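*Asks:* Structure file structure.cif, mmCIF, C-alpha atoms and all ligand atoms, is pasted below:
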```
data_entry
#
loop_
_atom_site.label_atom_id
_atom_site.label_comp_id
_atom_site.auth_asym_id
_atom_site.auth_seq_id
_atom_site.Cartn_x
_atom_site.Cartn_y
_atom_site.Cartn_z
CA MET A 1 0.29 3.83 -5.90
CA ARG A 2 1.04 1.00 -8.29
CA VAL A 3 4.55 0.27 -9.54
CA ALA A 4 5.07 -1.96 -12.61
CA LEU A 5 8.19 -4.11 -12.96
CA VAL A 6 9.11 -4.19 -16.65
CA GLY A 7 12.11 -5.71 -18.40
CA PRO A 8 13.45 -8.13 -20.97
CA PRO A 9 12.92 -11.86 -20.33
CA LEU A 10 14.80 -13.44 -17.42
CA SER A 11 16.18 -10.17 -16.11
CA GLY A 12 15.20 -11.05 -12.54
CA LYS A 13 11.88 -9.21 -12.20
CA SER A 14 10.10 -12.02 -10.38
CA THR A 15 13.12 -12.65 -8.15
CA LEU A 16 13.13 -8.99 -7.13
CA PHE A 17 9.35 -9.09 -6.70
CA ALA A 18 9.66 -12.11 -4.40
CA ALA A 19 12.49 -10.48 -2.43
CA VAL A 20 10.42 -7.37 -1.78
CA ALA A 21 7.24 -9.31 -0.97
CA GLU A 22 9.00 -11.77 1.33
CA ALA A 23 10.88 -9.02 3.15
CA GLY A 24 7.44 -7.68 4.01
CA GLY A 25 6.28 -11.08 5.20
CA THR A 26 4.17 -12.02 2.19
CA GLN A 27 4.78 -15.38 0.56
CA VAL A 28 4.35 -15.23 -3.20
CA HIS A 29 3.65 -18.01 -5.67
CA LEU A 30 5.33 -17.52 -8.98
CA ASP A 31 4.46 -20.77 -10.71
CA ARG A 32 2.96 -18.93 -13.71
CA PRO A 33 5.78 -16.84 -15.23
CA ASP A 34 3.51 -15.92 -18.16
CA GLN A 35 1.05 -14.19 -15.82
CA PRO A 36 1.29 -10.85 -14.01
CA HIS A 37 1.61 -10.97 -10.22
CA LEU A 38 0.49 -8.29 -7.80
CA VAL A 39 1.48 -7.75 -4.18
CA VAL A 40 0.78 -5.00 -1.67
CA VAL A 41 3.97 -3.92 0.06
CA LYS A 42 4.25 -1.98 3.30
CA VAL A 43 6.47 1.06 2.93
CA PRO A 44 9.36 0.54 5.35
CA ASP A 45 9.41 3.38 7.87
CA GLY A 46 11.47 3.02 11.04
CA ARG A 47 9.90 6.14 12.49
CA LEU A 48 6.63 4.29 13.02
CA PHE A 49 8.28 1.80 15.36
CA TRP A 50 9.61 4.55 17.59
CA LEU A 51 6.23 6.30 17.65
CA GLU A 52 4.43 3.03 18.32
CA GLU A 53 6.50 2.45 21.40
CA LYS A 54 6.33 6.04 22.67
CA TYR A 55 2.57 6.30 22.33
CA LYS A 56 1.96 2.67 23.35
CA ALA A 57 -0.17 2.53 20.22
CA LYS A 58 -2.59 -0.34 19.68
CA LYS A 59 -1.98 -0.30 15.97
CA ARG A 60 0.83 0.56 13.53
CA THR A 61 -0.17 1.28 9.95
CA HIS A 62 2.41 1.71 7.22
CA ALA A 63 1.83 3.39 3.90
CA GLU A 64 1.45 0.84 1.12
CA ILE A 65 2.36 0.47 -2.51
CA GLU A 66 1.31 -2.15 -5.02
CA LEU A 67 4.00 -3.93 -6.94
CA LEU A 68 3.08 -5.51 -10.27
CA ASP A 69 5.39 -8.16 -11.70
CA LEU A 70 4.95 -8.57 -15.45
CA PRO A 71 6.20 -11.33 -17.75
CA GLY A 72 9.36 -10.45 -19.69
CA PHE A 73 8.99 -8.33 -22.80
CA ASP A 74 10.37 -10.61 -25.51
CA LEU A 75 10.59 -8.62 -28.72
CA THR A 76 12.57 -11.17 -30.72
CA SER A 77 9.71 -12.59 -32.80
CA PRO A 78 6.41 -11.19 -34.07
CA GLN A 79 4.49 -13.70 -31.93
CA SER A 80 6.37 -12.99 -28.72
CA ARG A 81 6.12 -9.28 -29.39
CA ASP A 82 2.34 -9.50 -29.79
CA ARG A 83 2.19 -11.34 -26.49
CA ALA A 84 4.37 -8.72 -24.80
CA ARG A 85 2.21 -5.92 -26.08
CA THR A 86 -0.86 -7.30 -24.32
CA HIS A 87 0.79 -6.16 -21.06
CA TRP A 88 1.07 -2.45 -21.89
CA PRO A 89 -2.49 -1.68 -20.70
CA ALA A 90 -1.54 -2.93 -17.22
CA VAL A 91 1.53 -0.68 -17.31
CA ARG A 92 -0.62 2.27 -18.40
CA GLN A 93 -2.77 1.69 -15.32
CA SER A 94 0.31 1.83 -13.11
CA ASP A 95 1.71 5.07 -11.74
CA MET A 96 5.33 4.40 -12.55
CA ILE A 97 7.72 1.96 -14.19
CA VAL A 98 10.69 0.14 -12.69
CA LEU A 99 12.85 -1.23 -15.50
CA VAL A 100 14.72 -4.31 -14.31
CA LEU A 101 17.82 -4.81 -16.46
CA ARG A 102 20.12 -7.79 -16.37
CA GLN A 103 23.78 -7.45 -15.62
CA PHE A 104 24.39 -10.85 -14.01
CA GLU A 105 26.05 -13.61 -15.94
CA SER A 106 24.83 -17.18 -15.69
CA SER A 107 25.30 -20.15 -17.96
CA ALA A 108 22.08 -21.61 -16.52
CA VAL A 109 19.96 -18.63 -17.54
CA PRO A 110 20.03 -17.72 -21.25
CA ALA A 111 20.79 -14.05 -21.91
CA TYR A 112 18.24 -12.07 -23.88
CA ARG A 113 19.47 -11.71 -27.47
CA ASP A 114 22.72 -13.34 -26.34
CA ARG A 115 23.96 -10.08 -24.95
CA ARG A 116 24.74 -8.50 -21.62
CA ASP A 117 24.14 -4.85 -22.37
CA ILE A 118 21.85 -2.86 -20.10
CA GLN A 119 21.93 0.19 -22.38
CA ALA A 120 20.81 -1.85 -25.39
CA ASP A 121 18.04 -3.49 -23.33
CA LEU A 122 16.91 -0.10 -22.09
CA ASP A 123 16.94 1.43 -25.59
CA GLU A 124 14.96 -1.48 -27.00
CA LEU A 125 12.23 -1.26 -24.38
CA TRP A 126 12.09 2.52 -24.65
CA ALA A 127 11.63 2.28 -28.42
CA GLU A 128 8.83 -0.22 -27.85
CA MET A 129 7.11 2.12 -25.39
CA MET A 130 7.37 4.97 -27.89
CA PHE A 131 5.89 2.69 -30.50
CA ALA A 132 2.99 1.71 -28.22
CA ASP A 133 2.27 5.38 -27.49
CA LEU A 134 2.48 6.26 -31.16
CA GLU A 135 0.05 3.51 -32.01
CA GLN A 136 -2.39 4.80 -29.41
CA ILE A 137 -2.07 8.33 -30.84
CA THR A 138 -2.58 7.10 -34.41
CA THR A 139 -5.75 5.23 -33.42
CA ARG A 140 -7.01 8.38 -31.74
CA ILE A 141 -6.21 10.54 -34.78
CA ASP A 142 -8.16 8.14 -37.04
CA LYS A 143 -11.13 8.29 -34.68
CA LEU A 144 -11.06 12.10 -34.47
CA GLU A 145 -10.79 12.42 -38.25
CA GLY A 146 -13.71 10.04 -38.65
CA ASN A 147 -15.83 12.03 -36.22
CA LEU A 148 -14.98 15.29 -37.96
CA LYS A 149 -16.32 13.90 -41.22
CA LYS A 150 -19.74 13.55 -39.59
CA PRO A 151 -22.03 16.54 -39.07
CA VAL A 152 -21.19 17.81 -35.58
CA PRO A 153 -22.29 21.07 -33.92
CA GLY A 154 -19.85 24.00 -34.00
CA LYS A 155 -18.64 23.83 -30.41
CA GLU A 156 -17.96 20.13 -30.51
CA ARG A 157 -16.25 20.51 -33.88
CA GLU A 158 -13.95 23.10 -32.36
CA GLU A 159 -13.01 20.76 -29.53
CA LEU A 160 -12.40 17.83 -31.85
CA THR A 161 -10.25 19.98 -34.12
CA ARG A 162 -8.23 21.24 -31.19
CA GLU A 163 -7.58 17.72 -29.95
CA LEU A 164 -6.73 16.52 -33.45
CA GLN A 165 -4.09 19.23 -33.75
CA LEU A 166 -2.66 18.24 -30.38
CA GLN A 167 -2.58 14.53 -31.24
CA GLN A 168 -0.86 15.32 -34.54
CA ARG A 169 1.73 17.33 -32.68
CA LEU A 170 2.24 14.45 -30.24
CA SER A 171 2.68 12.06 -33.14
CA GLN A 172 5.30 14.26 -34.83
CA THR A 173 7.15 14.66 -31.54
CA LEU A 174 7.41 10.90 -31.01
CA GLU A 175 8.40 10.32 -34.60
CA ALA A 176 11.24 12.79 -34.07
CA GLU A 177 12.14 10.65 -31.01
CA LYS A 178 11.53 13.53 -28.65
CA PRO A 179 9.73 13.29 -25.31
CA LEU A 180 5.99 13.99 -25.40
CA THR A 181 6.34 16.75 -22.82
CA GLU A 182 7.85 18.94 -25.56
CA ALA A 183 4.56 18.90 -27.43
CA ILE A 184 2.41 20.01 -24.51
CA LYS A 185 1.78 23.75 -24.51
CA SER A 186 -0.85 24.44 -21.84
CA PRO A 187 -2.36 23.04 -18.64
CA ALA A 188 -5.50 22.14 -20.64
CA GLU A 189 -3.39 20.08 -23.05
CA GLU A 190 -1.56 18.49 -20.16
CA LYS A 191 -4.87 17.41 -18.66
CA LEU A 192 -6.01 15.93 -21.94
CA VAL A 193 -2.73 14.10 -22.44
CA ARG A 194 -2.82 12.75 -18.89
CA ALA A 195 -6.07 10.93 -19.65
CA PHE A 196 -4.23 8.79 -22.22
CA ALA A 197 -1.70 7.55 -19.63
CA PHE A 198 1.14 7.41 -22.17
CA LEU A 199 3.94 5.02 -21.28
CA THR A 200 6.76 7.40 -22.17
CA LEU A 201 5.35 10.01 -19.77
CA LYS A 202 5.45 7.74 -16.74
CA PRO A 203 8.12 8.23 -14.12
CA LEU A 204 10.76 5.59 -14.76
CA VAL A 205 13.61 4.24 -12.66
CA VAL A 206 16.10 1.46 -13.31
CA VAL A 207 17.16 -1.54 -11.25
CA VAL A 208 20.35 -3.14 -12.48
CA ASN A 209 20.34 -6.79 -11.42
CA CYS A 210 23.98 -7.66 -10.80
CA GLY A 211 25.59 -11.01 -10.20
CA GLU A 212 26.38 -12.17 -6.67
CA GLY A 213 29.43 -10.30 -5.48
CA GLU A 214 29.32 -8.01 -8.50
CA VAL A 215 27.27 -5.17 -7.09
CA PRO A 216 29.54 -2.13 -7.52
CA ALA A 217 30.59 -0.49 -4.26
CA GLN A 218 30.22 2.95 -5.79
CA PRO A 219 27.43 2.57 -8.34
CA PRO A 220 26.54 5.45 -10.65
CA PRO A 221 23.34 7.19 -9.47
CA LYS A 222 21.85 6.99 -12.93
CA VAL A 223 21.65 4.80 -16.01
CA GLY A 224 21.24 7.16 -18.92
CA PRO A 225 18.87 9.87 -17.68
CA TYR A 226 17.16 7.55 -15.17
CA GLU A 227 17.76 7.20 -11.46
CA ALA A 228 19.06 3.73 -10.76
CA ILE A 229 19.95 1.26 -8.04
CA PHE A 230 22.30 -1.71 -8.39
CA LEU A 231 21.58 -4.90 -6.49
CA SER A 232 21.56 -8.67 -6.77
CA ALA A 233 17.96 -9.84 -6.83
CA LYS A 234 19.01 -13.39 -6.02
CA ILE A 235 20.95 -12.41 -2.90
CA GLU A 236 18.14 -10.09 -1.85
CA GLU A 237 15.64 -12.91 -2.16
CA GLU A 238 17.81 -15.19 -0.04
CA LEU A 239 18.20 -12.42 2.54
CA ALA A 240 14.46 -11.84 2.63
CA ARG A 241 13.91 -15.46 3.69
CA LEU A 242 16.17 -15.15 6.73
CA GLU A 243 15.17 -14.29 10.28
CA ALA A 244 15.70 -10.61 11.08
CA SER A 245 18.75 -11.24 13.31
CA GLU A 246 20.48 -13.45 10.75
CA ARG A 247 19.61 -11.03 8.00
CA ALA A 248 21.43 -8.15 9.67
CA GLU A 249 24.50 -10.31 10.08
CA PHE A 250 24.59 -11.40 6.44
CA MET A 251 23.91 -7.92 5.19
CA ALA A 252 26.87 -6.62 7.16
CA GLU A 253 29.02 -9.42 5.76
CA LEU A 254 27.96 -8.67 2.19
CA GLY A 255 28.24 -4.91 2.64
CA ILE A 256 24.55 -4.34 1.96
CA ALA A 257 23.45 -1.20 3.80
CA ALA A 258 19.71 -1.50 3.19
CA PRO A 259 17.53 -4.30 1.84
CA ALA A 260 16.07 -4.12 -1.69
CA GLN A 261 12.62 -3.36 -0.32
CA ASP A 262 13.80 -0.15 1.37
CA ARG A 263 15.91 0.96 -1.55
CA LEU A 264 13.27 0.28 -4.17
CA VAL A 265 10.48 2.01 -2.25
CA ARG A 266 12.72 4.99 -1.50
CA LEU A 267 13.68 5.26 -5.16
CA CYS A 268 10.02 5.15 -6.22
CA TYR A 269 8.98 7.76 -3.66
CA HIS A 270 11.79 10.01 -4.80
CA SER A 271 10.97 9.58 -8.45
CA MET A 272 7.26 10.21 -7.88
CA ARG A 273 8.08 13.14 -5.56
CA LEU A 274 6.12 11.66 -2.68
CA VAL A 275 6.66 12.27 1.02
CA SER A 276 5.14 10.79 4.18
CA PHE A 277 3.73 12.58 7.16
CA LEU A 278 2.90 10.77 10.37
CA THR A 279 0.06 10.71 12.85
CA ALA A 280 0.50 9.33 16.35
CA GLY A 281 -1.77 8.50 19.24
CA GLU A 282 -2.76 5.67 21.56
CA LYS A 283 -5.14 4.22 19.03
CA GLU A 284 -2.81 4.17 16.06
CA VAL A 285 0.46 5.39 14.63
CA ARG A 286 0.35 5.75 10.90
CA ALA A 287 2.22 7.03 7.84
CA TRP A 288 0.37 8.89 5.09
CA THR A 289 1.64 9.48 1.59
CA ILE A 290 1.23 12.82 -0.16
CA PRO A 291 2.90 14.53 -3.14
CA ALA A 292 5.78 16.78 -2.04
CA GLY A 293 4.56 20.37 -1.83
CA THR A 294 1.06 19.50 -0.52
CA ASN A 295 -0.39 22.09 1.85
CA ALA A 296 -1.76 21.22 5.28
CA GLN A 297 -5.41 21.40 4.29
CA LEU A 298 -5.00 19.04 1.33
CA ALA A 299 -2.82 16.75 3.44
CA ALA A 300 -5.69 16.53 5.94
CA GLY A 301 -7.80 15.30 3.02
CA ALA A 302 -5.47 12.31 2.65
CA ILE A 303 -6.85 11.13 6.01
CA HIS A 304 -10.50 12.11 5.58
CA THR A 305 -12.47 14.63 3.53
CA ASP A 306 -14.07 15.90 6.79
CA LEU A 307 -10.64 16.93 8.04
CA GLN A 308 -10.03 18.85 4.85
CA ARG A 309 -13.46 20.48 4.81
CA GLY A 310 -13.47 21.47 8.47
CA PHE A 311 -9.74 22.24 8.65
CA ILE A 312 -8.84 24.77 11.35
CA ARG A 313 -5.14 24.28 12.08
CA ALA A 314 -2.45 21.65 12.17
CA GLU A 315 -0.34 21.01 15.24
CA ILE A 316 3.04 19.90 13.97
CA VAL A 317 6.35 18.67 15.27
CA ALA A 318 9.20 17.36 13.14
CA TYR A 319 9.87 13.70 13.91
CA GLU A 320 13.56 14.44 14.53
CA ASP A 321 12.67 17.14 17.08
CA LEU A 322 10.26 14.80 18.84
CA VAL A 323 12.94 12.12 19.10
CA ALA A 324 15.54 14.63 20.28
CA ALA A 325 13.18 15.91 22.99
CA GLY A 326 12.31 12.37 24.04
CA ASP A 327 8.53 12.60 24.06
CA GLU A 328 5.56 14.79 23.28
CA LYS A 329 5.51 16.56 26.63
CA SER A 330 9.20 17.52 26.53
CA ALA A 331 8.93 18.57 22.87
CA LYS A 332 6.04 20.85 23.79
CA ALA A 333 7.98 22.27 26.74
CA ALA A 334 10.91 22.94 24.40
CA GLY A 335 8.61 24.83 22.06
CA LYS A 336 9.05 22.36 19.23
CA TYR A 337 5.34 22.11 18.44
CA ARG A 338 4.01 24.62 15.93
CA LEU A 339 0.50 25.62 14.97
CA GLU A 340 0.29 25.89 11.21
CA GLY A 341 -2.45 27.19 8.92
CA LYS A 342 -3.87 25.65 5.77
CA ASP A 343 -1.14 26.95 3.47
CA TYR A 344 1.75 25.37 5.39
CA ILE A 345 3.61 22.89 3.17
CA VAL A 346 3.73 19.56 4.97
CA LYS A 347 7.23 18.04 5.14
CA ASP A 348 8.39 14.46 5.14
CA GLY A 349 8.46 13.28 8.75
CA ASP A 350 6.10 15.91 10.13
CA VAL A 351 4.10 14.43 13.00
CA VAL A 352 0.72 16.06 12.58
CA LEU A 353 -2.47 16.51 14.57
CA PHE A 354 -5.22 18.20 12.60
CA ARG A 355 -7.75 20.39 14.37
CA PHE A 356 -11.02 20.56 12.56
CA SER A 357 -14.73 21.11 13.03
CA VAL A 358 -17.57 19.93 10.85
N1 LIG B 1 22.94 -15.91 -11.01
C1 LIG B 1 21.87 -15.14 -10.87
N2 LIG B 1 20.71 -15.59 -11.29
C2 LIG B 1 19.62 -14.82 -11.14
C3 LIG B 1 19.68 -13.52 -10.56
N3 LIG B 1 18.45 -13.00 -10.56
C4 LIG B 1 17.66 -13.93 -11.13
N4 LIG B 1 18.36 -15.01 -11.49
C5 LIG B 1 17.86 -16.24 -12.10
O1 LIG B 1 17.39 -15.93 -13.39
C6 LIG B 1 16.22 -16.71 -13.67
C7 LIG B 1 15.12 -15.80 -14.06
O2 LIG B 1 14.77 -15.02 -12.95
P1 LIG B 1 13.32 -14.39 -12.82
O3 LIG B 1 13.32 -13.56 -11.59
O4 LIG B 1 12.29 -15.41 -12.99
O5 LIG B 1 13.35 -13.44 -14.10
P2 LIG B 1 12.13 -12.68 -14.74
O6 LIG B 1 12.65 -11.40 -15.22
O7 LIG B 1 10.98 -12.66 -13.81
O8 LIG B 1 11.80 -13.64 -15.95
P3 LIG B 1 10.52 -13.54 -16.92
O9 LIG B 1 9.36 -13.14 -16.07
O10 LIG B 1 10.38 -14.90 -17.50
O11 LIG B 1 10.88 -12.51 -17.92
C8 LIG B 1 15.93 -17.53 -12.43
O12 LIG B 1 16.45 -18.81 -12.61
C9 LIG B 1 16.67 -16.79 -11.35
O13 LIG B 1 17.07 -17.63 -10.31
C10 LIG B 1 20.96 -13.08 -10.09
O14 LIG B 1 21.08 -11.95 -9.54
N5 LIG B 1 22.01 -13.92 -10.29
MG MG B 2 8.96 -13.18 -14.13
#
```
For this file, write the structure as structure tokens.

*Replies:*
Amino acid sequence: MRVALVGPPLSGKSTLFAAVAEAGGTQVHLDRPDQPHLVVVKVPDGRLFWLEEKYKAKKRTHAEIELLDLPGFDLTSPQSRDRARTHWPAVRQSDMIVLVLRQFESSAVPAYRDRRDIQADLDELWAEMMFADLEQITTRIDKLEGNLKKPVPGKEREELTRELQLQQRLSQTLEAEKPLTEAIKSPAEEKLVRAFAFLTLKPLVVVVNCGEGEVPAQPPPKVGPYEAIFLSAKIEEELARLEASERAEFMAELGIAAPAQDRLVRLCYHSMRLVSFLTAGEKEVRAWTIPAGTNAQLAAGAIHTDLQRGFIRAEIVAYEDLVAAGDEKSAKAAGKYRLEGKDYIVKDGDVVLFRFSV
């Protein structure tokens, strides 16, 4: 999964990016603010540490996400806007968007458009994303109309006409400032639309970058319709540089319950409706990411296609039950292990052993 950090100039995207990367032990070099940066981040999962110790595992493998830090979207001049727009393709190739909005005040860092207004910044970027989608749709409509002017066989003509009607509907929907989902009427249309990777259809969450000591104790869960977290990227970056023991102390002092890395990843998982199941053994303990609602057979496919193809049953214990029992043997004795068939919906924190034959 790839997550794109998007926002107005100097909102703190790269600072947040560095905080998350450094918390995971990766040093980043951000000497080219006009270039995108990419880092692979381990998904924090405390359960893996417990399993690692219990099973005396040789290896611990976390789930991973890719974080893409993009230059600020400066829409104040035609030139800067053209430059900003060259980054939309990279956002289209990402699975979701994290909008980093600036709340902090600083005389050293000029404020975008001389304002401190997260709603205005959000609205401006949203309008720009709608515009980019609309432009893509218009280009497609022109192409389809051009093709329909040529002699094409009946079946192909039918398909082109059907897509043209859909694209025209999408265009009208955006022009009416309505979400594209309203224009989609069937699974076939949804599939077609998905191929275009429209920006306004991507899951989107907000990070409000607050000043030091200005992170609200009881932040609202949303900004507009979007799930949001409030943090100070600068503090988080300083925390990420500390040794683990010092970090805990400072976090307690500052009233920070969880580091930015944990909160951001959790927010993204939630927004994308992803869950993790776990596998544990002497060789390796590992977390696997699947969409919520995935059945056991498809979940097996996340590990290997052979496991999916030759799926027989899944032996499952909930992580919490395993911890409560103390170990595998006691959990089995307490009847906490279940044998589930292919239609069982795998839950977050299920510790799974797949039985298969190929
Ligand atoms: N006071 C304060 N300064 C911050 C905070 N977050 C970032 N900054 C400063 O703001 C400046 C810009 O931060 P960046 O993280 O580079 O912002 P950006 O969004 O990546 O900027 P562009 O990529 O150029 O759009 C830097 O000097 C940071 O140190 C914060 O929470 N408080
Ligand atoms: Mg930056």

*Asks:* Give the residue list for ligand MG 2 (chain B) at 12 Å, counting only C-alpha atoms and all ligand atoms, as a PDB file with C-alpha atoms, in the coordinates of the input, sorted by chain and then by residue number.

*Replies:*
```pdb
ATOM      1  CA  ALA A   4       5.070  -1.960 -12.610  1.00  0.00           C
ATOM      2  CA  LEU A   5       8.190  -4.110 -12.960  1.00  0.00           C
ATOM      3  CA  VAL A   6       9.110  -4.190 -16.650  1.00  0.00           C
ATOM      4  CA  GLY A   7      12.110  -5.710 -18.400  1.00  0.00           C
ATOM      5  CA  PRO A   8      13.450  -8.130 -20.970  1.00  0.00           C
ATOM      6  CA  PRO A   9      12.920 -11.860 -20.330  1.00  0.00           C
ATOM      7  CA  LEU A  10      14.800 -13.440 -17.420  1.00  0.00           C
ATOM      8  CA  SER A  11      16.180 -10.170 -16.110  1.00  0.00           C
ATOM      9  CA  GLY A  12      15.200 -11.050 -12.540  1.00  0.00           C
ATOM     10  CA  LYS A  13      11.880  -9.210 -12.200  1.00  0.00           C
ATOM     11  CA  SER A  14      10.100 -12.020 -10.380  1.00  0.00           C
ATOM     12  CA  THR A  15      13.120 -12.650  -8.150  1.00  0.00           C
ATOM     13  CA  LEU A  16      13.130  -8.990  -7.130  1.00  0.00           C
ATOM     14  CA  PHE A  17       9.350  -9.090  -6.700  1.00  0.00           C
ATOM     15  CA  ALA A  18       9.660 -12.110  -4.400  1.00  0.00           C
ATOM     16  CA  HIS A  29       3.650 -18.010  -5.670  1.00  0.00           C
ATOM     17  CA  LEU A  30       5.330 -17.520  -8.980  1.00  0.00           C
ATOM     18  CA  ASP A  31       4.460 -20.770 -10.710  1.00  0.00           C
ATOM     19  CA  ARG A  32       2.960 -18.930 -13.710  1.00  0.00           C
ATOM     20  CA  PRO A  33       5.780 -16.840 -15.230  1.00  0.00           C
ATOM     21  CA  ASP A  34       3.510 -15.920 -18.160  1.00  0.00           C
ATOM     22  CA  GLN A  35       1.050 -14.190 -15.820  1.00  0.00           C
ATOM     23  CA  PRO A  36       1.290 -10.850 -14.010  1.00  0.00           C
ATOM     24  CA  HIS A  37       1.610 -10.970 -10.220  1.00  0.00           C
ATOM     25  CA  LEU A  38       0.490  -8.290  -7.800  1.00  0.00           C
ATOM     26  CA  LEU A  68       3.080  -5.510 -10.270  1.00  0.00           C
ATOM     27  CA  ASP A  69       5.390  -8.160 -11.700  1.00  0.00           C
ATOM     28  CA  LEU A  70       4.950  -8.570 -15.450  1.00  0.00           C
ATOM     29  CA  PRO A  71       6.200 -11.330 -17.750  1.00  0.00           C
ATOM     30  CA  GLY A  72       9.360 -10.450 -19.690  1.00  0.00           C
ATOM     31  CA  PHE A  73       8.990  -8.330 -22.800  1.00  0.00           C
ATOM     32  CA  ASP A  74      10.370 -10.610 -25.510  1.00  0.00           C
ATOM     33  CA  VAL A 100      14.720  -4.310 -14.310  1.00  0.00           C
TER      34      VAL A 100
END
```

*Asks:* Suppose you want the space between atom CA of A:Lys202 and atom CA of A:Tyr226; what is it in Å?

*Replies:*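 Rounded to one decimal, the two atoms are 11.8 Å apart.
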
*Asks:* May I ask which of the residues A:Leu180, A:Ile235, A:Val207, A:Leu125 is the closest one to ligand LIG 1 (chain B), counting only C-alpha atoms and all ligand atoms?

*Replies:*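 Closest to ligand LIG 1 (chain B), using only C-alpha atoms and all ligand atoms: A:Ile235.
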
*Asks:* Go through A:Glu315, A:Asp327, A:Glu105, A:Glu189 and flag the residue nearest ligand LIG 1 (chain B), using all atoms listed in the file for the distances.

*Replies:*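 The answer is A:Glu105, which sits nearest to ligand LIG 1 (chain B).
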
*Asks:* Calculated over all atoms listed in the file, which of the candidates A:Glu238, A:Leu75, A:Arg194, A:Glu64 has the smallest distance to A:Thr289?

*Replies:*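 Once distances to A:Thr289 are computed over all atoms listed in the file, the minimum belongs to A:Glu64.
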
*Asks:* Since fewer atoms than expected are present, regenerate N, CA and C atoms for stretch 26-39 of chain A and write them as a PDB file, in the coordinates of the input.

*Replies:*
```
ATOM      1  N   THR A  26       5.178 -11.415   3.059  1.00  0.00           N
ATOM      2  CA  THR A  26       4.170 -12.020   2.190  1.00  0.00           C
ATOM      3  C   THR A  26       4.810 -13.104   1.322  1.00  0.00           C
ATOM      4  N   GLN A  27       4.296 -14.314   1.436  1.00  0.00           N
ATOM      5  CA  GLN A  27       4.780 -15.380   0.560  1.00  0.00           C
ATOM      6  C   GLN A  27       4.138 -15.224  -0.808  1.00  0.00           C
ATOM      7  N   VAL A  28       4.925 -15.353  -1.861  1.00  0.00           N
ATOM      8  CA  VAL A  28       4.350 -15.230  -3.200  1.00  0.00           C
ATOM      9  C   VAL A  28       4.514 -16.544  -3.958  1.00  0.00           C
ATOM     10  N   HIS A  29       3.586 -16.795  -4.852  1.00  0.00           N
ATOM     11  CA  HIS A  29       3.650 -18.010  -5.670  1.00  0.00           C
ATOM     12  C   HIS A  29       3.840 -17.608  -7.118  1.00  0.00           C
ATOM     13  N   LEU A  30       4.979 -17.992  -7.640  1.00  0.00           N
ATOM     14  CA  LEU A  30       5.330 -17.520  -8.980  1.00  0.00           C
ATOM     15  C   LEU A  30       5.386 -18.681  -9.960  1.00  0.00           C
ATOM     16  N   ASP A  31       4.419 -19.591  -9.840  1.00  0.00           N
ATOM     17  CA  ASP A  31       4.460 -20.770 -10.710  1.00  0.00           C
ATOM     18  C   ASP A  31       3.945 -20.477 -12.122  1.00  0.00           C
ATOM     19  N   ARG A  32       3.416 -19.279 -12.369  1.00  0.00           N
ATOM     20  CA  ARG A  32       2.960 -18.930 -13.710  1.00  0.00           C
ATOM     21  C   ARG A  32       3.744 -17.729 -14.235  1.00  0.00           C
ATOM     22  N   PRO A  33       4.959 -17.975 -14.791  1.00  0.00           N
ATOM     23  CA  PRO A  33       5.780 -16.840 -15.230  1.00  0.00           C
ATOM     24  C   PRO A  33       5.154 -16.053 -16.387  1.00  0.00           C
ATOM     25  N   ASP A  34       4.140 -16.637 -17.051  1.00  0.00           N
ATOM     26  CA  ASP A  34       3.510 -15.920 -18.160  1.00  0.00           C
ATOM     27  C   ASP A  34       2.373 -15.020 -17.688  1.00  0.00           C
ATOM     28  N   GLN A  35       2.130 -15.008 -16.368  1.00  0.00           N
ATOM     29  CA  GLN A  35       1.050 -14.190 -15.820  1.00  0.00           C
ATOM     30  C   GLN A  35       1.603 -13.043 -14.979  1.00  0.00           C
ATOM     31  N   PRO A  36       0.875 -11.914 -14.933  1.00  0.00           N
ATOM     32  CA  PRO A  36       1.290 -10.850 -14.010  1.00  0.00           C
ATOM     33  C   PRO A  36       1.029 -11.265 -12.557  1.00  0.00           C
ATOM     34  N   HIS A  37       1.825 -10.740 -11.648  1.00  0.00           N
ATOM     35  CA  HIS A  37       1.610 -10.970 -10.220  1.00  0.00           C
ATOM     36  C   HIS A  37       1.512  -9.619  -9.526  1.00  0.00           C
ATOM     37  N   LEU A  38       0.663  -9.556  -8.512  1.00  0.00           N
ATOM     38  CA  LEU A  38       0.490  -8.290  -7.800  1.00  0.00           C
ATOM     39  C   LEU A  38       0.638  -8.533  -6.299  1.00  0.00           C
ATOM     40  N   VAL A  39       1.370  -7.636  -5.630  1.00  0.00           N
ATOM     41  CA  VAL A  39       1.480  -7.750  -4.180  1.00  0.00           C
ATOM     42  C   VAL A  39       1.409  -6.352  -3.571  1.00  0.00           C
TER      43      VAL A  39
END
```
